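*Asks:* Just dropping this structure here.
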Amino acid sequence: NVDASAGSNFFESFFDYFGNSNGDSNAALPRPQQVATKFAPYPWRITRGSFVTAARESLQRLDQDKLAIAQLHWSTANYQPLQERALWEGIADVYDEGLCEGVGVSNYGPRQLLKINEYLKERGVPLATAQIQYSLLTADASKDALSACDEVGCRLISYSPLCLGMLTGKYSVEKNILPAQLPRRQLFKEILPGAAPLLKTLEAIAKENDKTMAQTAINWTIAKGGVPIPGSKNLQQAQENLGAVGWSLKPDAVAELDLAASKVTKPMIQNIFQTK
């Protein structure tokens, strides 16, 4: 609720974020709010009508008449291409039924983004957003996606703008300050050494602006045209994240961070559902 009390009115959710398919993550949001909800292309969700049903159920849990954005959580083009058409038809039907203000996609690469945009244009449905993993540690790999968003006229939503916390400055391989979970711990060991120059640059620019590294990293995504949706595990993190708005990095600082990001030797791995 701290985000809402501070003036934030846009929240992104998914009915199964917490491993509970009863809609807890949606129902827990403060109301009324602008909510962008994802609909996953589960193996049993193979008809267009199933997406309309899912949208109605989500709205019932949210106690709202309309979603701000109805999003496809990922594309099935990599492993079940025949299901992809039903996804497109279903999300367009959600819009035509008046259940959302706009539609969006998540984990769609530039090629797939252009394809669904052509279909939606034929249906007269505006593609509002494209959500990808976008941060200083994925910037180089995401350049084409950013250009594709500009081409189709949709807004990029940046999830994981702090890259699992790697850009906060609180982790260190040298000091053995790493996540407790083994898979994530190993990932940090592989990525952080090659990101050291970037983190040093980020720290310096943060100090120049009297901000934290996390706030500076989030503000960078805004400067690049993205809408960051950082996660918060506790009140302190939520309050810190809010400090990323209400100010702007200077163009030379953005350029300096761009250059440092381009020199990262091992970028963050892509989401397994990310398409080309």
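Identifiers in this document derive from the order of the structure tokens: chains are assigned A, B, ..., residues are numbered from 1 separately in each chain, and ligands are numbered from 1 in order of occurrence.
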What parts of stretch 116-169 of chain A does DSSP call strand (DSSP E)? I'd like the answer as an mmCIF file with C-alpha atoms, in the first residue's frame.
*Replies:*
```cif
data_model
loop_
_atom_site.group_PDB
_atom_site.id
_atom_site.type_symbol
_atom_site.label_atom_id
_atom_site.label_comp_id
_atom_site.auth_asym_id
_atom_site.auth_seq_id
_atom_site.Cartn_x
_atom_site.Cartn_y
_atom_site.Cartn_z
ATOM 1 C CA LEU A 127 -0.948 -2.824 -29.113
ATOM 2 C CA ALA A 128 -0.185 -0.685 -26.071
ATOM 3 C CA THR A 129 2.806 -2.332 -24.428
ATOM 4 C CA ALA A 130 5.578 -4.870 -24.804
ATOM 5 C CA GLN A 131 7.154 -6.141 -21.617
ATOM 6 C CA ILE A 132 10.669 -7.546 -21.563
ATOM 7 C CA GLN A 133 13.505 -8.024 -19.136
ATOM 8 C CA ARG A 155 5.502 1.387 -24.848
ATOM 9 C CA LEU A 156 8.218 -0.832 -23.420
ATOM 10 C CA ILE A 157 7.589 -2.093 -19.892
ATOM 11 C CA SER A 158 10.791 -3.048 -18.126
ATOM 12 C CA TYR A 159 10.546 -5.948 -15.727
#
```
*Asks:* Go through A:Gly243, A:Gly153, A:Pro126, A:Gly225 and flag the residue nearest A:Ala70, using only C-alpha atoms for the distances.
*Replies:* A:Pro126
*Asks:* Rank nothing, just name the residue among A:Leu162, A:Ala36, A:Val94, A:Leu120 nearest to A:Gly231, using only C-alpha atoms.
*Replies:*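 The closest residue to A:Gly231 is A:Leu162.
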*Asks:* Find, counting only C-alpha atoms, the residue in A:Ser160, A:Gln64, A:Asn107, A:Gln112 that gets nearest to A:Ile218.
*Replies:*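 Closest to A:Ile218 of all the choices is A:Ser160.
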*Asks:* Write out as JSON, numbers by chain all residues of stretch 135-196 of chain A that backbone DSSP assigns to alpha helix (DSSP H).
*Replies:* {"A": [143, 144, 145, 146, 147, 148, 149, 150, 151, 152, 182, 183, 184, 185, 186, 187, 188, 189, 190, 191, 196]}
*Asks:* As a list in words, please: the residues near A:Tyr79 (cut-off 12 Å, only C-alpha atoms, same-chain neighbours under 3 positions excluded).
*Replies:* Pro41, Pro43, Trp74, Ser75, Thr76, Leu82, Gln83, Glu84, Ile272, Phe273, Gln274 and Thr275 of chain A
*Asks:* Work out how far atom CA of A:Lys200 is from atom CA of A:Asn241, in Å to one decimal.
*Replies:*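 Atom CA of A:Lys200 lies at a distance of 20.0 Å from atom CA of A:Asn241.
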*Asks:* Please identify all polymer residues within 9 Å of A:Pro197, counting only C-alpha atoms, omitting same-chain residues fewer than 4 positions from it, and present them as a ChimeraX atom specification.
*Replies:* /A:193,201-202,260-261,263-264
*Asks:* Can you tell me which residues surround A:Gln215 at a distance of at most 12 Å, considering only C-alpha atoms, apart from same-chain residues fewer than 3 positions away, and format the answer as a PyMOL selection string?
*Replies:* chain A and resi 161-162+165+167-169+202-203+205-207+209-212+218-222+228+230+237-249
